[in-house]
Each structure stands twice: as C-alpha cells, then as structure tokens.
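*Asks:* Below is the file run31.cif, which contains mmCIF, C-alpha atoms.
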data_run
#
loop_
_atom_site.label_atom_id
_atom_site.label_comp_id
_atom_site.auth_asym_id
_atom_site.auth_seq_id
_atom_site.Cartn_x
_atom_site.Cartn_y
_atom_site.Cartn_z
CA ALA W 1 14.38 -3.69 -9.08
CA GLN W 2 12.70 -5.03 -5.99
CA SER W 3 10.21 -7.84 -5.69
CA VAL W 4 8.24 -9.26 -2.79
CA THR W 5 6.77 -12.71 -2.46
CA GLN W 6 4.20 -13.67 0.11
CA LEU W 7 4.12 -17.41 0.05
CA ASP W 8 0.64 -17.91 1.45
CA SER W 9 -2.38 -16.31 -0.18
CA GLN W 10 -4.71 -17.45 2.61
CA VAL W 11 -4.11 -18.55 6.18
CA PRO W 12 -7.00 -19.90 8.24
CA VAL W 13 -6.24 -19.96 11.97
CA PHE W 14 -8.19 -20.59 15.13
CA GLU W 15 -8.66 -17.87 17.71
CA GLU W 16 -5.84 -17.74 20.31
CA ALA W 17 -3.55 -19.81 18.08
CA PRO W 18 -0.26 -18.40 16.78
CA VAL W 19 0.13 -17.27 13.20
CA GLU W 20 3.12 -16.66 10.96
CA LEU W 21 2.89 -14.91 7.61
CA ARG W 22 5.83 -15.39 5.33
CA CYS W 23 7.47 -12.71 3.24
CA ASN W 24 10.57 -12.94 1.07
CA TYR W 25 12.05 -10.13 -0.92
CA SER W 26 14.75 -9.53 -3.47
CA SER W 27 16.64 -6.33 -4.06
CA SER W 28 20.01 -5.23 -5.31
CA VAL W 29 20.05 -2.22 -2.99
CA SER W 30 19.37 -1.53 0.65
CA VAL W 31 15.70 -1.61 1.47
CA TYR W 32 13.31 -0.82 4.23
CA LEU W 33 10.67 -3.42 5.05
CA PHE W 34 7.06 -2.89 6.05
CA TRP W 35 3.98 -4.86 6.97
CA TYR W 36 0.61 -3.28 6.32
CA VAL W 37 -2.84 -4.56 7.28
CA GLN W 38 -6.07 -3.92 5.41
CA TYR W 39 -9.33 -4.45 7.25
CA PRO W 40 -12.48 -4.80 5.14
CA ASN W 41 -13.45 -1.57 3.36
CA GLN W 42 -10.50 0.32 4.81
CA GLY W 43 -7.15 1.58 3.60
CA LEU W 44 -3.77 0.07 4.37
CA GLN W 45 -2.53 0.60 7.91
CA LEU W 46 1.08 0.22 8.97
CA LEU W 47 1.69 -2.63 11.42
CA LEU W 48 5.46 -2.31 11.72
CA LYS W 49 8.61 -1.47 9.82
CA TYR W 50 12.26 -2.43 9.76
CA LEU W 51 14.74 0.32 9.00
CA SER W 52 17.97 -0.84 10.67
CA GLY W 53 19.29 -2.11 13.99
CA SER W 54 17.59 -4.91 15.90
CA THR W 55 16.27 -7.54 13.55
CA LEU W 56 13.21 -8.19 15.72
CA VAL W 57 10.64 -5.48 15.24
CA LYS W 58 7.54 -5.06 17.36
CA GLY W 59 4.45 -3.43 15.98
CA ILE W 60 0.90 -2.63 16.88
CA ASN W 61 -1.74 -5.12 17.99
CA GLY W 62 0.82 -7.60 19.31
CA PHE W 63 2.48 -8.31 15.97
CA GLU W 64 6.21 -8.69 15.48
CA ALA W 65 8.46 -9.46 12.56
CA GLU W 66 12.00 -10.66 12.17
CA PHE W 67 14.35 -9.44 9.49
CA ASN W 68 16.70 -12.12 8.19
CA LYS W 69 19.19 -10.68 5.75
CA SER W 70 20.78 -13.98 4.75
CA GLN W 71 17.40 -15.47 3.89
CA THR W 72 16.00 -12.17 2.59
CA SER W 73 12.91 -12.70 4.69
CA PHE W 74 10.70 -10.60 6.89
CA HIS W 75 8.13 -12.94 8.40
CA LEU W 76 5.28 -11.59 10.52
CA ARG W 77 4.13 -13.36 13.67
CA LYS W 78 1.57 -13.08 16.39
CA PRO W 79 1.55 -15.53 19.32
CA SER W 80 -2.21 -15.46 19.85
CA VAL W 81 -4.69 -14.12 17.31
CA HIS W 82 -8.11 -12.59 17.87
CA ILE W 83 -11.18 -12.59 15.67
CA SER W 84 -10.45 -8.92 15.00
CA ASP W 85 -7.17 -9.88 13.29
CA THR W 86 -9.16 -11.16 10.33
CA ALA W 87 -7.80 -9.01 7.51
CA GLU W 88 -5.43 -8.98 4.58
CA TYR W 89 -1.75 -8.46 5.33
CA PHE W 90 0.74 -6.98 2.90
CA CYS W 91 4.50 -7.08 3.04
CA ALA W 92 6.27 -4.22 1.24
CA VAL W 93 9.77 -2.96 0.55
CA GLY W 94 10.94 0.57 -0.02
CA LYS W 95 14.28 1.75 -1.27
CA ALA W 96 16.55 3.81 0.93
CA ALA W 97 16.66 6.43 -1.80
CA GLY W 98 13.24 6.61 -3.29
CA ASN W 99 9.57 6.83 -2.62
CA LYS W 100 7.72 3.88 -3.99
CA LEU W 101 6.71 0.81 -2.07
CA THR W 102 6.76 -2.56 -3.78
CA PHE W 103 4.10 -4.86 -2.37
CA GLY W 104 3.67 -8.57 -2.11
CA GLY W 105 0.47 -10.22 -3.20
CA GLY W 106 -1.07 -10.18 0.26
CA THR W 107 -2.07 -12.89 2.71
CA ARG W 108 -5.66 -13.14 3.77
CA VAL W 109 -5.95 -14.23 7.41
CA LEU W 110 -9.23 -15.71 8.55
CA VAL W 111 -9.50 -16.21 12.29
CA LYS W 112 -12.05 -18.80 13.26
CA PRO W 113 -13.68 -19.06 16.69
CA GLU Y 1 -6.14 11.30 14.39
CA PRO Y 2 -5.36 12.77 10.97
CA GLU Y 3 -6.16 10.56 8.02
CA VAL Y 4 -6.05 10.51 4.26
CA THR Y 5 -9.47 10.78 2.66
CA GLN Y 6 -10.55 9.88 -0.86
CA THR Y 7 -13.61 10.67 -2.94
CA PRO Y 8 -15.63 9.13 -4.38
CA SER Y 9 -15.57 5.72 -2.77
CA HIS Y 10 -16.87 4.15 -5.97
CA GLN Y 11 -16.81 5.56 -9.49
CA VAL Y 12 -18.46 3.95 -12.49
CA THR Y 13 -17.61 5.28 -15.92
CA GLN Y 14 -17.87 4.39 -19.58
CA MET Y 15 -14.80 3.40 -21.55
CA GLY Y 16 -13.18 6.44 -23.12
CA GLN Y 17 -14.45 8.88 -20.51
CA GLU Y 18 -12.21 11.00 -18.32
CA VAL Y 19 -12.25 10.45 -14.58
CA ILE Y 20 -10.73 12.41 -11.73
CA LEU Y 21 -10.05 10.71 -8.43
CA ARG Y 22 -9.64 13.00 -5.47
CA CYS Y 23 -7.57 12.72 -2.33
CA VAL Y 24 -6.97 14.93 0.67
CA PRO Y 25 -3.59 13.99 2.16
CA ILE Y 26 -2.62 14.60 5.77
CA SER Y 27 -2.07 18.32 6.11
CA ASN Y 28 1.62 18.50 7.10
CA HIS Y 29 2.75 15.81 4.69
CA LEU Y 30 4.97 16.69 1.75
CA TYR Y 31 5.00 13.52 -0.35
CA PHE Y 32 1.96 12.15 -2.13
CA TYR Y 33 1.39 8.88 -3.92
CA TRP Y 34 -1.07 6.93 -5.99
CA TYR Y 35 -1.21 3.16 -6.04
CA ARG Y 36 -3.71 0.82 -7.62
CA GLN Y 37 -4.85 -2.73 -7.05
CA ILE Y 38 -6.54 -4.62 -9.82
CA LEU Y 39 -8.88 -7.24 -8.38
CA GLY Y 40 -6.92 -10.28 -7.30
CA GLN Y 41 -3.54 -8.69 -8.05
CA LYS Y 42 -0.82 -6.88 -6.12
CA VAL Y 43 -0.94 -3.29 -4.98
CA GLU Y 44 1.09 -1.44 -7.63
CA PHE Y 45 2.86 1.90 -7.40
CA LEU Y 46 1.77 4.48 -9.95
CA VAL Y 47 3.37 7.78 -9.07
CA SER Y 48 4.90 9.90 -6.32
CA PHE Y 49 4.67 13.68 -6.14
CA TYR Y 50 6.78 16.17 -4.22
CA ASN Y 51 7.27 19.90 -4.41
CA ASN Y 52 4.63 20.21 -7.12
CA GLU Y 53 6.20 17.76 -9.49
CA ILE Y 54 6.37 14.05 -10.16
CA SER Y 55 9.36 12.55 -8.35
CA GLU Y 56 8.95 8.97 -9.54
CA LYS Y 57 6.52 7.08 -11.75
CA SER Y 58 6.02 3.52 -12.89
CA GLU Y 59 5.68 2.22 -16.41
CA ILE Y 60 1.94 1.96 -15.79
CA PHE Y 61 1.73 5.75 -15.45
CA ASP Y 62 1.62 6.60 -19.14
CA ASP Y 63 0.33 9.68 -20.94
CA GLN Y 64 -3.25 8.79 -20.07
CA PHE Y 65 -2.54 9.56 -16.43
CA SER Y 66 -1.79 12.85 -14.76
CA VAL Y 67 -1.61 14.14 -11.21
CA GLU Y 68 -2.16 17.55 -9.79
CA ARG Y 69 -2.23 19.40 -6.53
CA PRO Y 70 -4.67 22.12 -7.53
CA ASP Y 71 -4.73 23.80 -4.13
CA GLY Y 72 -3.16 23.40 -0.71
CA SER Y 73 -5.20 20.39 0.29
CA ASN Y 74 -6.27 18.23 -2.66
CA PHE Y 75 -4.25 15.77 -4.71
CA THR Y 76 -5.90 14.38 -7.82
CA LEU Y 77 -5.35 11.57 -10.28
CA LYS Y 78 -6.81 12.06 -13.75
CA ILE Y 79 -7.27 9.33 -16.31
CA ARG Y 80 -7.95 10.98 -19.66
CA SER Y 81 -9.58 8.19 -21.61
CA THR Y 82 -10.41 5.22 -19.45
CA LYS Y 83 -9.93 1.66 -20.62
CA LEU Y 84 -11.53 -1.50 -19.30
CA GLU Y 85 -8.20 -2.50 -17.77
CA ASP Y 86 -8.15 0.67 -15.66
CA SER Y 87 -10.82 -0.91 -13.45
CA ALA Y 88 -9.16 -1.21 -10.06
CA MET Y 89 -9.04 0.12 -6.53
CA TYR Y 90 -6.98 3.30 -6.45
CA PHE Y 91 -5.24 4.23 -3.21
CA CYS Y 92 -3.85 7.62 -2.36
CA ALA Y 93 -1.11 7.90 0.27
CA SER Y 94 0.97 10.62 1.85
CA SER Y 95 4.08 10.83 4.01
CA GLU Y 96 6.14 13.43 5.83
CA GLY Y 97 9.29 12.43 3.99
CA SER Y 98 10.57 9.86 1.55
CA GLY Y 99 12.39 6.54 1.99
CA TYR Y 100 11.77 5.12 5.44
CA ASN Y 101 8.88 7.40 6.30
CA GLU Y 102 5.53 5.72 6.83
CA GLN Y 103 3.08 6.17 4.02
CA PHE Y 104 -0.47 6.74 5.27
CA PHE Y 105 -3.10 5.31 2.95
CA GLY Y 106 -6.62 6.40 2.21
CA PRO Y 107 -9.54 3.95 2.00
CA GLY Y 108 -9.41 3.84 -1.78
CA THR Y 109 -11.66 4.61 -4.73
CA ARG Y 110 -13.06 1.66 -6.62
CA LEU Y 111 -13.09 2.55 -10.32
CA THR Y 112 -15.27 0.45 -12.60
CA VAL Y 113 -14.94 1.03 -16.33
CA LEU Y 114 -17.78 -0.39 -18.42
#
What's the structure tokens form of this structure?
*Replies:*
Amino acid sequence: AQSVTQLDSQVPVFEEAPVELRCNYSSSVSVYLFWYVQYPNQGLQLLLKYLSGSTLVKGINGFEAEFNKSQTSFHLRKPSVHISDTAEYFCAVGKAAGNKLTFGGGTRVLVKP
Amino acid sequence: EPEVTQTPSHQVTQMGQEVILRCVPISNHLYFYWYRQILGQKVEFLVSFYNNEISEKSEIFDDQFSVERPDGSNFTLKIRSTKLEDSAMYFCASSEGSGYNEQFFGPGTRLTVL
C-alpha cells in the first residue's frame, strides 16, 4: 500500500518570497508522483508529475519539484510566489500498474502582500 | 479547453435517502474515477471505471455505492441509503489512460447528509 505525508498543513509566505512544500511517500512498488493545486471553489489541477528520468521536474506557474528516491521525497518549490498562488496543494502517488491516486493531507499556502 | 463537469454543486439530503451525483468526463477519456474528501481529511479514492466495469475500488466503496455510465457522456455515483458520515466533497475525474496519465478533476459536489 502507498501512503503520502505532507508535513506542513499550512504555510504562510510573503509575496515574492520562495516557498517549499514538503511531501514524503512510502510504497513497496514503483510509483508515479504528482502535485495538484486546488484554488477556492475549484477542482484539483495538475501542477506537475514525475514519471521517470530527470529528478527535477518543472511544472506550470513556475513550480518545480525534485524527486529524491533515497529520501522518498517529492518536495515542491517556487522561487517567488504571487498572491494568486494562494491555494491548497496536494501531493499524490499513483502505482505504475493501477488507477488510483493516493493523496497527502494537503498544504494550504497563504501568500501575504 | 475541455473540462470535467459535475452536478449539482451542492446536494442536501436526509439520512437514508438515495442520492445520485453526476459527472460529465472529458469526451475522449476512457478511465473514470470518484474520490471524496471529508471536511478536514485527505482526498480518498473510491472507485475507478473502465470499459463499462469497475477496475478498482477501495474499502470505502461498499454495497451502498454504485457507479454507472448510463450513456456516452455521463458517469454517475449513487449512494443508496445515505449516512451522516457520507457528508463530504465528491470529486469526479477522468483520464485518457491509466497509471501515469493525468487525471482531470471536476469542481466537486458537496454532499450534506442531515
């Protein structure tokens, strides 16, 4: 079985400051890794995904994430946040053979002016 | 840009009543999913559906739940006899394929069971 832990439930950050959202996972099989964002009153939108290859993955809106197999982590970063990045961010894992995504608890990012 | 749509956005029902949550997946997608998020908890997988049958389901998805693709466009989740603990946000998703394929999520239906 897979599990995902997002270590921070809330992250307040000032506009134009960097942000890092932490995600650790556990799995006995190969997994794919995803970060989704949920803006208020909207569905989940994919930010980026790691399937294989380069461990640094770039996504939309200036976000990137680094896969670290030895630490079983997939932390999300953005060097300079905007007010519009205020949202909830979910890390998820999917199995190579399978359909379901297993989500972390989410990290709520509040960008302050 | 194609998107997954869900209706209604909010459903209020009495305990013991049946509810049907509706979803229109993206038209060329072949895999369909339901997830739920109880307030303050994680997004949880309920079921995946492919080729007109359930391909995977979680332990949450018991006999009270069923899914159906009644026509070429809709995908529904039925809860036969709702319980208070079924109150949650229910998300529908669809994807072109399984595994590494991106799942596109709808905006959700908030179900409140009184």
*Asks:* Using all atoms listed in the file and a cut-off of 6 Å, which residues of chain Y sit close to chain W? Please list them as a PDB file with C-alpha atoms, keeping the file's coordinate frame.
*Replies:*
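Result went into result02.pdb, see below:
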ATOM      1  CA  LYS Y  42      -0.820  -6.880  -6.120  1.00  0.00           C
ATOM      2  CA  VAL Y  43      -0.940  -3.290  -4.980  1.00  0.00           C
ATOM      3  CA  SER Y  98      10.570   9.860   1.550  1.00  0.00           C
ATOM      4  CA  GLY Y  99      12.390   6.540   1.990  1.00  0.00           C
ATOM      5  CA  PHE Y 105      -3.100   5.310   2.950  1.00  0.00           C
ATOM      6  CA  GLY Y 106      -6.620   6.400   2.210  1.00  0.00           C
ATOM      7  CA  PRO Y 107      -9.540   3.950   2.000  1.00  0.00           C
TER       8      PRO Y 107
END
*Asks:* Residues near Val67 in chain Y, anyone? I mean within 12 Å using all atoms listed in the file, not counting same-chain ones fewer than 4 positions away, as a PyMOL selection string.
*Replies:* chain Y and resi 19-23+32-34+46-50+52-57+61-63+74-80+92
*Asks:* Record the distance separating CA of Ser94 in chain Y and CA of Pro70 in chain Y, expressed in Å with one decimal.
*Replies:*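 So the two atoms, CA of Ser94 in chain Y and CA of Pro70 in chain Y, lie 15.9 Å apart.
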*Asks:* One decimal, Å: what's the distance from CA of Ser9 in chain Y over to CA of Phe65 in chain Y, could you say?
*Replies:*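 Going from CA of Ser9 in chain Y over to CA of Phe65 in chain Y covers 19.3 Å.
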*Asks:* Expand the PyMOL selection byres ((chain W and resi 8) around 10) into the individual residues it matches in the shown file, reporting them as a PyMOL selection string.
*Replies:* chain W and resi 5-7+9-11+20-23+105-109
*Asks:* Write out as a PyMOL selection string the residues lying within 7 Å of Phe14 in chain W, counting all atoms listed in the file and excluding same-chain residues fewer than 2 positions away.
*Replies:* chain W and resi 16-17+111-113
*Asks:* Would you mind reading off the distance between CA of Gln41 in chain Y and CA of Ala87 in chain W, one decimal, in Å?
*Replies:*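 Answer for the CA of Gln41 in chain Y to CA of Ala87 in chain W separation: 16.1 Å.
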*Asks:* From the list W:Ala1, W:Ala65, W:Cys91, W:Val13, which residue is nearest Ser28 in chain W when using only C-alpha atoms?
*Replies:*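 For Ser28 in chain W, the nearest of the given residues is W:Ala1.
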